[in-house]
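Colleague: Contents are mmCIF, C-alpha atoms; file name final-v6.cif:
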```cif
data_run
#
loop_
_atom_site.label_atom_id
_atom_site.label_comp_id
_atom_site.auth_asym_id
_atom_site.auth_seq_id
_atom_site.Cartn_x
_atom_site.Cartn_y
_atom_site.Cartn_z
CA MET A 1 17.16 -29.70 -1.71
CA SER A 2 13.48 -29.24 -1.92
CA ARG A 3 10.84 -27.55 -3.93
CA VAL A 4 8.51 -25.09 -2.22
CA LEU A 5 4.98 -24.31 -3.31
CA VAL A 6 3.55 -21.01 -2.06
CA GLY A 7 -0.12 -20.11 -2.21
CA VAL A 8 -0.97 -16.45 -2.74
CA LYS A 9 -4.31 -14.71 -2.90
CA ARG A 10 -5.31 -11.39 -4.40
CA VAL A 11 -7.41 -9.48 -1.90
CA ILE A 12 -8.70 -5.95 -1.40
CA ASP A 13 -5.81 -3.88 -0.05
CA TYR A 14 -5.60 -3.76 3.73
CA ALA A 15 -5.71 0.05 3.74
CA VAL A 16 -8.98 0.25 1.77
CA LYS A 17 -12.26 0.81 3.54
CA VAL A 18 -14.47 -2.07 2.38
CA ARG A 19 -17.97 -1.19 1.24
CA VAL A 20 -20.94 -3.56 0.97
CA LYS A 21 -22.94 -3.59 -2.26
CA PRO A 22 -26.42 -2.09 -1.86
CA ASP A 23 -28.07 -5.40 -2.88
CA LYS A 24 -26.15 -7.23 -0.10
CA SER A 25 -24.71 -9.76 -2.55
CA GLY A 26 -21.12 -9.00 -1.65
CA VAL A 27 -18.60 -6.19 -1.34
CA VAL A 28 -17.62 -3.60 -3.92
CA VAL A 29 -14.52 -4.82 -5.78
CA ASP A 30 -14.64 -2.79 -9.00
CA GLY A 31 -12.18 0.08 -9.06
CA VAL A 32 -10.89 -0.85 -5.60
CA LYS A 33 -7.18 -1.26 -4.98
CA HIS A 34 -6.14 -4.87 -4.62
CA SER A 35 -2.85 -6.33 -3.46
CA MET A 36 -1.36 -9.58 -2.24
CA ASN A 37 -2.75 -10.89 1.03
CA PRO A 38 -0.24 -9.70 3.69
CA PHE A 39 0.06 -13.18 5.22
CA ASP A 40 0.84 -14.64 1.81
CA GLU A 41 3.58 -12.04 1.44
CA ILE A 42 5.07 -13.45 4.62
CA ALA A 43 4.76 -16.96 3.15
CA VAL A 44 6.50 -15.93 -0.08
CA GLU A 45 9.24 -14.21 1.90
CA GLU A 46 9.84 -17.36 3.96
CA ALA A 47 10.08 -19.51 0.84
CA VAL A 48 12.50 -17.08 -0.78
CA ARG A 49 14.62 -17.02 2.38
CA LEU A 50 14.73 -20.81 2.37
CA LYS A 51 15.99 -20.61 -1.18
CA GLU A 52 18.61 -18.04 -0.25
CA LYS A 53 19.77 -20.34 2.55
CA LYS A 54 20.06 -23.10 -0.09
CA ILE A 55 17.49 -25.23 1.75
CA ALA A 56 15.01 -24.91 -1.10
CA SER A 57 15.89 -25.31 -4.76
CA GLU A 58 12.85 -23.77 -6.37
CA VAL A 59 9.95 -21.57 -5.29
CA ILE A 60 6.66 -21.89 -7.15
CA ALA A 61 3.88 -19.37 -6.54
CA VAL A 62 0.27 -20.46 -7.07
CA SER A 63 -2.85 -18.34 -7.16
CA CYS A 64 -6.48 -19.20 -7.83
CA GLY A 65 -8.61 -16.41 -9.15
CA PRO A 66 -9.62 -14.23 -12.07
CA ALA A 67 -7.18 -12.89 -14.67
CA GLN A 68 -6.02 -10.10 -12.32
CA ALA A 69 -4.56 -12.74 -9.99
CA GLN A 70 -1.63 -12.72 -12.40
CA GLU A 71 -0.61 -9.29 -11.07
CA THR A 72 -0.35 -10.81 -7.63
CA LEU A 73 1.69 -13.66 -9.02
CA ARG A 74 4.02 -11.13 -10.67
CA THR A 75 4.52 -9.53 -7.27
CA ALA A 76 5.44 -12.93 -5.86
CA LEU A 77 7.88 -13.43 -8.74
CA ALA A 78 9.35 -9.98 -8.09
CA MET A 79 9.89 -10.97 -4.47
CA GLY A 80 11.96 -13.90 -5.63
CA ALA A 81 9.75 -16.83 -6.65
CA ASP A 82 11.08 -18.72 -9.68
CA ARG A 83 7.88 -19.45 -11.52
CA ALA A 84 4.16 -19.10 -11.13
CA ILE A 85 1.01 -21.10 -11.79
CA HIS A 86 -2.25 -19.30 -12.30
CA VAL A 87 -5.34 -21.43 -11.75
CA GLU A 88 -8.03 -19.50 -13.50
CA VAL A 89 -11.34 -19.28 -11.67
CA ALA A 90 -13.48 -16.40 -12.81
CA GLY A 91 -16.81 -14.75 -12.21
CA ALA A 92 -19.51 -16.49 -10.23
CA GLU A 93 -17.31 -19.53 -9.60
CA TYR A 94 -14.74 -17.35 -7.84
CA GLU A 95 -17.37 -15.85 -5.55
CA THR A 96 -18.26 -19.25 -4.14
CA LEU A 97 -14.74 -20.65 -4.24
CA GLN A 98 -13.99 -21.98 -0.79
CA PRO A 99 -10.87 -23.01 1.11
CA LEU A 100 -11.73 -26.65 0.40
CA HIS A 101 -11.57 -26.05 -3.35
CA VAL A 102 -8.31 -24.15 -3.04
CA ALA A 103 -6.91 -26.88 -0.80
CA LYS A 104 -7.80 -29.52 -3.41
CA ILE A 105 -6.11 -27.45 -6.12
CA LEU A 106 -3.01 -26.91 -3.97
CA ALA A 107 -2.88 -30.61 -3.07
CA LYS A 108 -3.11 -31.63 -6.71
CA LEU A 109 -0.47 -29.12 -7.78
CA SER A 110 1.94 -30.12 -5.01
CA LYS A 111 1.74 -33.70 -6.24
CA ASP A 112 2.13 -32.72 -9.89
CA GLU A 113 5.05 -30.41 -9.19
CA LYS A 114 6.59 -32.83 -6.65
CA ALA A 115 6.73 -30.15 -3.97
CA ASP A 116 8.33 -30.97 -0.62
CA LEU A 117 6.93 -28.04 1.26
CA VAL A 118 3.76 -25.99 0.92
CA ILE A 119 3.72 -22.57 2.57
CA VAL A 120 0.59 -20.45 2.71
CA GLY A 121 -0.51 -17.46 4.75
CA LYS A 122 -2.52 -18.43 7.84
CA GLN A 123 -5.58 -16.62 6.52
CA ALA A 124 -6.67 -14.13 3.90
CA ILE A 125 -7.75 -10.71 5.07
CA ASP A 126 -10.94 -10.76 3.00
CA ASP A 127 -12.76 -13.89 4.16
CA ASP A 128 -10.60 -14.70 7.24
CA SER A 129 -11.27 -18.40 6.76
CA ASN A 130 -8.02 -19.80 8.12
CA GLN A 131 -8.65 -23.26 6.66
CA THR A 132 -6.59 -23.72 3.52
CA ALA A 133 -3.36 -24.90 5.16
CA GLN A 134 -5.14 -27.36 7.43
CA MET A 135 -7.26 -28.81 4.63
CA THR A 136 -4.33 -29.06 2.23
CA ALA A 137 -2.34 -30.97 4.84
CA ALA A 138 -5.27 -33.31 5.45
CA LEU A 139 -5.87 -33.97 1.75
CA LEU A 140 -2.21 -34.73 1.15
CA ASP A 141 -1.87 -36.61 4.45
CA TRP A 142 1.20 -34.50 5.25
CA PRO A 143 2.15 -33.08 8.66
CA GLN A 144 1.17 -29.48 9.26
CA GLY A 145 2.78 -26.58 11.10
CA THR A 146 0.21 -23.84 11.35
CA PHE A 147 0.73 -20.29 12.65
CA ALA A 148 4.48 -20.61 12.25
CA SER A 149 6.57 -17.86 13.76
CA LYS A 150 9.88 -19.61 13.05
CA VAL A 151 10.82 -22.33 10.59
CA GLU A 152 14.17 -24.07 10.80
CA LYS A 153 15.62 -26.99 8.93
CA SER A 154 16.61 -29.88 11.15
CA ASP A 155 18.26 -33.10 9.96
CA ALA A 156 15.13 -35.09 9.18
CA GLY A 157 12.67 -32.32 8.50
CA LEU A 158 11.62 -29.02 9.98
CA THR A 159 11.50 -27.52 13.45
CA ILE A 160 8.58 -25.14 13.58
CA THR A 161 7.78 -22.68 16.34
CA ARG A 162 4.03 -22.08 16.44
CA GLU A 163 2.13 -19.18 17.92
CA ILE A 164 -0.56 -20.55 20.21
CA ASP A 165 -2.77 -18.95 22.84
CA GLY A 166 -0.53 -17.54 25.53
CA GLY A 167 2.78 -18.79 24.22
CA LEU A 168 4.82 -20.67 21.72
CA GLU A 169 4.84 -24.33 20.79
CA VAL A 170 7.81 -26.00 19.14
CA ILE A 171 7.11 -28.99 16.92
CA LYS A 172 9.19 -31.19 14.68
CA THR A 173 7.83 -32.44 11.40
CA LYS A 174 9.09 -34.60 8.62
CA LEU A 175 9.11 -33.48 5.03
CA PRO A 176 6.96 -33.09 2.97
CA ALA A 177 4.88 -30.76 5.12
CA VAL A 178 2.43 -27.88 5.02
CA VAL A 179 3.25 -24.66 6.87
CA SER A 180 1.04 -21.63 7.41
CA ALA A 181 2.69 -18.30 8.13
CA ASP A 182 1.77 -16.14 11.10
CA LEU A 183 2.41 -12.41 11.33
CA ARG A 184 5.73 -12.62 13.16
CA LEU A 185 7.41 -15.20 10.93
CA ASN A 186 9.43 -12.58 9.04
CA GLU A 187 9.31 -9.13 7.52
CA PRO A 188 8.46 -9.43 3.84
CA ARG A 189 10.67 -7.51 1.45
CA TYR A 190 9.34 -4.76 -0.75
CA ALA A 191 9.20 -5.71 -4.43
CA THR A 192 11.55 -3.17 -6.02
CA LEU A 193 10.97 -1.61 -9.41
CA PRO A 194 13.85 -3.40 -11.20
CA ASN A 195 12.70 -6.73 -9.73
CA ILE A 196 9.16 -6.15 -10.99
CA MET A 197 10.60 -5.58 -14.46
CA LYS A 198 12.62 -8.79 -14.22
CA ALA A 199 9.55 -10.68 -12.98
CA LYS A 200 7.80 -10.02 -16.27
CA LYS A 201 10.24 -12.40 -17.92
CA LYS A 202 9.73 -15.23 -15.45
CA PRO A 203 7.52 -18.14 -16.56
CA LEU A 204 3.84 -18.07 -15.65
CA LYS A 205 1.71 -21.09 -16.47
CA LYS A 206 -2.04 -20.82 -16.79
CA VAL A 207 -4.27 -23.79 -16.00
CA THR A 208 -7.92 -24.26 -15.14
CA ALA A 209 -9.43 -26.23 -12.28
CA LYS A 210 -10.86 -28.59 -14.87
CA ASP A 211 -7.35 -29.37 -16.21
CA LEU A 212 -6.40 -30.39 -12.69
CA GLY A 213 -9.51 -32.50 -12.29
CA VAL A 214 -10.77 -30.49 -9.34
CA ASP A 215 -14.48 -29.94 -8.98
CA ILE A 216 -15.13 -26.34 -7.99
CA ALA A 217 -18.90 -26.52 -7.99
CA PRO A 218 -20.29 -24.22 -5.30
CA ARG A 219 -20.96 -25.85 -1.92
CA ILE A 220 -22.43 -22.74 -0.40
CA LYS A 221 -24.80 -19.98 -1.41
CA ILE A 222 -24.17 -16.43 -0.26
CA VAL A 223 -27.40 -15.38 1.42
CA SER A 224 -26.46 -11.85 2.36
CA VAL A 225 -23.45 -9.70 3.16
CA GLU A 226 -23.99 -6.94 5.67
CA ASP A 227 -22.05 -4.16 7.34
CA PRO A 228 -20.99 -4.75 10.94
CA PRO A 229 -23.23 -2.96 13.45
CA VAL A 230 -22.26 0.65 14.06
CA ARG A 231 -20.98 1.45 17.51
CA GLN A 232 -23.50 3.33 19.61
CA ALA A 233 -22.52 6.80 20.77
CA GLY A 234 -21.36 7.02 24.37
CA SER A 235 -22.28 9.65 26.92
CA ILE A 236 -20.24 11.62 29.43
CA VAL A 237 -21.35 11.36 33.04
CA PRO A 238 -20.88 14.41 35.29
CA ASP A 239 -19.51 12.62 38.37
CA VAL A 240 -18.66 9.29 39.95
CA ASP A 241 -22.00 8.89 41.73
CA THR A 242 -23.95 9.13 38.48
CA LEU A 243 -21.55 6.63 36.93
CA VAL A 244 -22.04 4.15 39.76
CA ALA A 245 -25.80 4.69 39.62
CA LYS A 246 -25.83 4.06 35.86
CA LEU A 247 -23.69 0.96 36.17
CA LYS A 248 -25.98 -0.40 38.87
CA GLU A 249 -28.98 0.33 36.73
CA LYS A 250 -27.46 -1.80 33.95
CA GLY A 251 -26.41 -4.51 36.39
CA HIS A 252 -22.66 -4.22 35.88
CA VAL A 253 -21.82 -3.69 39.56
CA MET B 1 23.58 17.95 -13.91
CA SER B 2 26.98 16.38 -14.29
CA GLN B 3 26.87 13.50 -16.69
CA PRO B 4 28.44 10.71 -14.58
CA HIS B 5 25.62 10.88 -12.04
CA ARG B 6 22.79 11.37 -14.49
CA ARG B 7 21.76 7.75 -14.53
CA SER B 8 21.81 7.22 -10.80
CA VAL B 9 19.83 10.39 -10.19
CA LEU B 10 17.19 9.35 -12.71
CA ASN B 11 17.09 5.89 -11.20
CA LEU B 12 16.63 7.32 -7.74
CA TYR B 13 13.84 9.57 -8.95
CA LYS B 14 12.02 6.66 -10.57
CA THR B 15 12.45 4.43 -7.54
CA LEU B 16 11.11 7.09 -5.21
CA LEU B 17 8.18 7.81 -7.51
CA TYR B 18 7.39 4.11 -7.52
CA LEU B 19 7.50 4.02 -3.72
CA GLY B 20 5.24 7.06 -3.56
CA ARG B 21 2.34 5.27 -5.21
CA GLU B 22 1.21 3.98 -1.83
CA TRP B 23 1.83 7.21 0.08
CA PRO B 24 -0.89 7.58 2.75
CA GLN B 25 -1.70 11.20 1.84
CA GLY B 26 -1.93 10.40 -1.83
CA TYR B 27 0.41 9.97 -4.76
CA ASP B 28 -0.11 13.50 -6.13
CA LEU B 29 1.19 15.20 -3.02
CA PHE B 30 4.17 12.87 -2.91
CA ARG B 31 5.00 13.46 -6.55
CA LYS B 32 4.80 17.24 -6.24
CA ARG B 33 7.06 17.31 -3.19
CA LEU B 34 9.53 14.92 -4.76
CA HIS B 35 9.68 16.97 -7.93
CA LYS B 36 10.22 20.15 -5.93
CA VAL B 37 13.17 18.67 -4.05
CA PHE B 38 14.81 17.39 -7.21
CA THR B 39 14.39 20.68 -9.09
CA LYS B 40 15.71 22.62 -6.10
CA ASN B 41 18.97 20.69 -6.28
CA SER B 42 19.13 20.38 -10.04
CA GLU B 43 21.72 23.20 -10.34
CA GLU B 44 24.21 21.36 -8.15
CA THR B 45 27.48 20.70 -9.98
CA ASN B 46 29.79 19.49 -7.23
CA PRO B 47 30.07 15.70 -7.82
CA GLU B 48 30.84 15.03 -4.17
CA LYS B 49 27.70 16.83 -3.08
CA ILE B 50 25.60 15.06 -5.70
CA LYS B 51 26.89 11.76 -4.41
CA MET B 52 25.89 12.74 -0.89
CA MET B 53 22.43 13.71 -2.08
CA ILE B 54 21.95 10.40 -3.88
CA LYS B 55 22.98 8.60 -0.69
CA HIS B 56 20.41 10.64 1.21
CA GLY B 57 17.76 9.85 -1.40
CA GLU B 58 18.44 6.14 -1.07
CA PHE B 59 18.16 6.46 2.68
CA VAL B 60 14.79 8.17 2.31
CA GLY B 61 13.65 5.32 0.07
CA LYS B 62 14.59 2.78 2.75
CA GLU B 63 12.71 4.82 5.34
CA ILE B 64 9.57 4.86 3.20
CA GLU B 65 9.75 1.07 2.79
CA ALA B 66 10.12 0.69 6.55
CA LEU B 67 7.15 2.98 7.09
CA TYR B 68 4.93 0.89 4.82
CA LYS B 69 6.04 -2.33 6.50
CA LEU B 70 5.27 -0.98 9.95
CA LYS B 71 1.91 0.38 8.83
CA LYS B 72 0.92 -2.98 7.41
CA TYR B 73 2.19 -4.89 10.44
CA ARG B 74 0.19 -2.70 12.79
CA ALA B 75 -2.95 -3.00 10.69
CA MET B 76 -2.62 -6.80 10.68
CA LYS B 77 -1.92 -6.95 14.39
CA ARG B 78 -5.00 -4.91 15.17
CA SER B 79 -7.30 -7.00 13.02
CA THR B 80 -6.30 -10.51 14.13
#
```
Show this structure as structure tokens.
Modeller:
Amino acid sequence: MSRVLVGVKRVIDYAVKVRVKPDKSGVVVDGVKHSMNPFDEIAVEEAVRLKEKKIASEVIAVSCGPAQAQETLRTALAMGADRAIHVEVAGAEYETLQPLHVAKILAKLSKDEKADLVIVGKQAIDDDSNQTAQMTAALLDWPQGTFASKVEKSDAGLTITREIDGGLEVIKTKLPAVVSADLRLNEPRYATLPNIMKAKKKPLKKVTAKDLGVDIAPRIKIVSVEDPPVRQAGSIVPDVDTLVAKLKEKGHV
Amino acid sequence: MSQPHRRSVLNLYKTLLYLGREWPQGYDLFRKRLHKVFTKNSEETNPEKIKMMIKHGEFVGKEIEALYKLKKYRAMKRST
């Protein structure tokens, strides 16, 4: 029986078209729909499934962020997590919060809560860092199974199937371990209305990074945030000869 | 509406409304259509038929969930 810690992040919804602020200091977040990072949903789902299979005894959801991160935690609770921890990081501190800081917080919490398994999404869809799982594993000195597409319990620990370039890799790890969820690990369930109501009664603990003794002083400065370059308009060529001529002109043939 | 099914019909309506919040063409359109369908059948008194309709409504709910899941999966697959 083990305890599972799941990291979740509140991000701008995947369906929203992201806009850059005119002063290039970041992206517009006010009045924009937010939801749980899709990869974290997969992580929560995996933890809840482990609990349903009686492999895990308790699922704890953790989120670092401003007060609204609690909504995301409620979603995790509605999906089946038992309790939640909200690490409050607000305002300017949140803007420069980096995977390393989150990893330190997660590492500290997994020790405090005596977790045997940490599951996080492989990356968040807002900053696409893909570092938190790796750093958490390193800080804790635990084995890591990143980009997991299948997690099974074997006698001594876990058998993890990883998605790697051009195939799958199967590894065995001992527990405790850190796992990061890839897209094909499972299909996350939809948080139903009655479950969301029930989630409001589940315990949610609020702490600050300072309480945990984690320094979240900025290590970077955001210089500028810019839109990706717009794709140049194409042109239609009348026949094959012109096409070949144009390609030759540009040195592609 | 016959009394024994009142609760389950209301529940179904609420659940579907909740699911409609993320409807791609907008919540308003979804809500209008949903309301229209429910009012259209509101005169139904045959309990067997009402039961069938509730079953159908639940099925539609499952389909909507599946649609959202697929939409999200495809968006993720494209971006990574």
Colleague: Considering all atoms listed in the file, give me a table of residues in chain A that are at most 8 Å from chain B, with the closest atom pair and distance in Å for each, as a tab-separated table.
Modeller:
```
residue	atom	partner	partner_atom	distance
A:Tyr14	CA	B:Ala75	CA	7.5
A:Pro38	CA	B:Lys72	CA	7.8
A:Leu183	CA	B:Met76	CA	7.6
A:Glu187	CA	B:Lys69	CA	7.6
A:Pro188	CA	B:Lys69	CA	8.0
A:Tyr190	CA	B:Glu65	CA	6.8
A:Thr192	CA	B:Thr15	CA	7.8
A:Leu193	CA	B:Thr15	CA	6.5
```
Colleague: Can you spit out the residues from that selection as a tab-separated table (two decimals), in the frame of the given file, using C-alpha atoms?
Modeller:
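Output file part_22.tsv is given in full below:
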```tsv
chain	number	residue	atom	x	y	z
A	14	TYR	CA	-5.60	-3.76	3.73
A	38	PRO	CA	-0.24	-9.70	3.69
A	183	LEU	CA	2.41	-12.41	11.33
A	187	GLU	CA	9.31	-9.13	7.52
A	188	PRO	CA	8.46	-9.43	3.84
A	190	TYR	CA	9.34	-4.76	-0.75
A	192	THR	CA	11.55	-3.17	-6.02
A	193	LEU	CA	10.97	-1.61	-9.41
```
Colleague: Enumerate, as a ChimeraX atom specification, the residues matched when the PyMOL selection byres ((chain A and resi 126) around 9) is run on the file above.
Modeller: /A:11-12,14,37,123-125,127-129
Colleague: What is the distance between CA of His56 (chain B) and CA of Arg7 (chain B), in Å to one decimal?
Modeller: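 If I compute the distance from CA of His56 (chain B) to CA of Arg7 (chain B), I get 16.1 Å.
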Colleague: Given only C-alpha atoms as the basis, pick out the residue of A:Val28, A:Val6, A:Val179, A:Val87 nearest to Ala61 (chain A).
Modeller: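 Smallest separation from Ala61 (chain A) among the options: A:Val6.
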Colleague: What's around region 26-37 of chain B at 9 Å? Count all atoms listed in the file, leave out sequence neighbours fewer than 6 positions away in its own chain, and write the answer as a ChimeraX atom specification.
Modeller: /B:13,16-17,20
Colleague: Applying the PyMOL selection byres ((chain A and resi 205) around 7) to the file I just gave you, which residues come out? Please list them as a ChimeraX atom specification.
Modeller: /A:84-86,203-204,206-207
Colleague: Please save C-alpha atoms of the selected residues as a short mmCIF file (atom, residue, chain, number, x, y, z; two decimals), in the frame of the given file.
Modeller:
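Dumped to selection29.cif:
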```
data_model
loop_
_atom_site.label_atom_id
_atom_site.label_comp_id
_atom_site.auth_asym_id
_atom_site.auth_seq_id
_atom_site.Cartn_x
_atom_site.Cartn_y
_atom_site.Cartn_z
CA ALA A 84 4.16 -19.10 -11.13
CA ILE A 85 1.01 -21.10 -11.79
CA HIS A 86 -2.25 -19.30 -12.30
CA PRO A 203 7.52 -18.14 -16.56
CA LEU A 204 3.84 -18.07 -15.65
CA LYS A 206 -2.04 -20.82 -16.79
CA VAL A 207 -4.27 -23.79 -16.00
#
```
Colleague: Report, in Å to a single decimal, how far apart CA of Leu140 (chain A) and CA of Thr159 (chain A) are.
Modeller: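 Rounded to one decimal, the two atoms are 19.8 Å apart.
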Colleague: Can you give me, as a ChimeraX atom specification, the residues this file yields under the PyMOL selection byres ((chain A and resi 64-71) around 10)?
Modeller: /A:7-11,34-36,62-63,72-77,84-91,93-95,97,101-102,105-106,200,204-209
Colleague: For the atom pair CA of Phe147 (chain A) and CA of Arg162 (chain A), what is the interatomic distance in Å to one decimal place?
Modeller: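 CA of Arg162 (chain A) lies at a distance of 5.3 Å from CA of Phe147 (chain A).
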Colleague: Env of Ala133 (chain A): 7 Å cut, atoms = all atoms listed in the file, seq-sep filter 6 positions within chain, self excluded. Answer as an MDAnalysis selection string.
Modeller: chainID A and resid 120 178:180
Colleague: Could you pull the residues within 10 Å of Ser224 (chain A), counting only C-alpha atoms, minus those fewer than 5 positions along the same chain, as a list in words?
Modeller: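 Near Ser224 (chain A), the qualifying residues are Asp23, Lys24, Ser25 and Gly26 of chain A.
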Colleague: Counting only C-alpha atoms, which residue out of B:Gln25, B:Thr39, B:Thr45, B:Ser8 sits closest to Glu58 (chain B)?
Modeller: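 Answer, going by the shortest atom-to-atom distance: B:Ser8.
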Colleague: Which residue gives the smallest distance to Arg21 (chain B) among A:Ala115, A:Lys33, A:Val223, A:Asn186, with only C-alpha atoms counted?
Modeller: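 Smallest distance to Arg21 (chain B) is found for A:Lys33.
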Colleague: With N, CA and C atoms as the goal, would you fill in the gaps in region 125-143 of chain A and present it as a PDB file, in the coordinates of the input?
Modeller:
```pdb
ATOM      1  N   ILE A 125      -7.101 -11.785   4.315  1.00  0.00           N
ATOM      2  CA  ILE A 125      -7.750 -10.710   5.070  1.00  0.00           C
ATOM      3  C   ILE A 125      -9.135 -10.373   4.528  1.00  0.00           C
ATOM      4  N   ASP A 126      -9.587 -11.062   3.463  1.00  0.00           N
ATOM      5  CA  ASP A 126     -10.940 -10.760   3.000  1.00  0.00           C
ATOM      6  C   ASP A 126     -11.993 -11.684   3.601  1.00  0.00           C
ATOM      7  N   ASP A 127     -11.741 -13.007   3.580  1.00  0.00           N
ATOM      8  CA  ASP A 127     -12.760 -13.890   4.160  1.00  0.00           C
ATOM      9  C   ASP A 127     -12.358 -14.444   5.531  1.00  0.00           C
ATOM     10  N   ASP A 128     -11.085 -14.257   5.930  1.00  0.00           N
ATOM     11  CA  ASP A 128     -10.600 -14.700   7.240  1.00  0.00           C
ATOM     12  C   ASP A 128     -10.957 -16.160   7.550  1.00  0.00           C
ATOM     13  N   SER A 129     -10.845 -17.019   6.537  1.00  0.00           N
ATOM     14  CA  SER A 129     -11.270 -18.400   6.760  1.00  0.00           C
ATOM     15  C   SER A 129     -10.310 -19.192   7.633  1.00  0.00           C
ATOM     16  N   ASN A 130      -9.023 -19.065   7.357  1.00  0.00           N
ATOM     17  CA  ASN A 130      -8.020 -19.800   8.120  1.00  0.00           C
ATOM     18  C   ASN A 130      -8.263 -21.319   8.040  1.00  0.00           C
ATOM     19  N   GLN A 131      -8.381 -21.833   6.825  1.00  0.00           N
ATOM     20  CA  GLN A 131      -8.650 -23.260   6.660  1.00  0.00           C
ATOM     21  C   GLN A 131      -7.763 -23.921   5.615  1.00  0.00           C
ATOM     22  N   THR A 132      -7.242 -23.121   4.684  1.00  0.00           N
ATOM     23  CA  THR A 132      -6.590 -23.720   3.520  1.00  0.00           C
ATOM     24  C   THR A 132      -5.398 -24.609   3.904  1.00  0.00           C
ATOM     25  N   ALA A 133      -4.540 -24.117   4.794  1.00  0.00           N
ATOM     26  CA  ALA A 133      -3.360 -24.900   5.160  1.00  0.00           C
ATOM     27  C   ALA A 133      -3.769 -26.228   5.782  1.00  0.00           C
ATOM     28  N   GLN A 134      -4.707 -26.153   6.718  1.00  0.00           N
ATOM     29  CA  GLN A 134      -5.140 -27.360   7.430  1.00  0.00           C
ATOM     30  C   GLN A 134      -5.747 -28.375   6.469  1.00  0.00           C
ATOM     31  N   MET A 135      -6.596 -27.894   5.564  1.00  0.00           N
ATOM     32  CA  MET A 135      -7.260 -28.810   4.630  1.00  0.00           C
ATOM     33  C   MET A 135      -6.266 -29.397   3.638  1.00  0.00           C
ATOM     34  N   THR A 136      -5.323 -28.558   3.174  1.00  0.00           N
ATOM     35  CA  THR A 136      -4.330 -29.060   2.230  1.00  0.00           C
ATOM     36  C   THR A 136      -3.523 -30.180   2.883  1.00  0.00           C
ATOM     37  N   ALA A 137      -3.114 -29.961   4.126  1.00  0.00           N
ATOM     38  CA  ALA A 137      -2.340 -30.970   4.840  1.00  0.00           C
ATOM     39  C   ALA A 137      -3.140 -32.261   4.969  1.00  0.00           C
ATOM     40  N   ALA A 138      -4.429 -32.133   5.275  1.00  0.00           N
ATOM     41  CA  ALA A 138      -5.270 -33.310   5.450  1.00  0.00           C
ATOM     42  C   ALA A 138      -5.433 -34.062   4.134  1.00  0.00           C
ATOM     43  N   LEU A 139      -5.663 -33.322   3.049  1.00  0.00           N
ATOM     44  CA  LEU A 139      -5.870 -33.970   1.750  1.00  0.00           C
ATOM     45  C   LEU A 139      -4.618 -34.691   1.282  1.00  0.00           C
ATOM     46  N   LEU A 140      -3.461 -34.124   1.585  1.00  0.00           N
ATOM     47  CA  LEU A 140      -2.210 -34.730   1.150  1.00  0.00           C
ATOM     48  C   LEU A 140      -1.729 -35.793   2.145  1.00  0.00           C
ATOM     49  N   ASP A 141      -2.326 -35.763   3.352  1.00  0.00           N
ATOM     50  CA  ASP A 141      -1.870 -36.610   4.450  1.00  0.00           C
ATOM     51  C   ASP A 141      -0.428 -36.272   4.815  1.00  0.00           C
ATOM     52  N   TRP A 142      -0.131 -34.984   4.851  1.00  0.00           N
ATOM     53  CA  TRP A 142       1.200 -34.500   5.250  1.00  0.00           C
ATOM     54  C   TRP A 142       1.087 -33.861   6.631  1.00  0.00           C
ATOM     55  N   PRO A 143       2.201 -33.818   7.382  1.00  0.00           N
ATOM     56  CA  PRO A 143       2.150 -33.080   8.660  1.00  0.00           C
ATOM     57  C   PRO A 143       1.962 -31.595   8.432  1.00  0.00           C
TER      58      PRO A 143
END
```
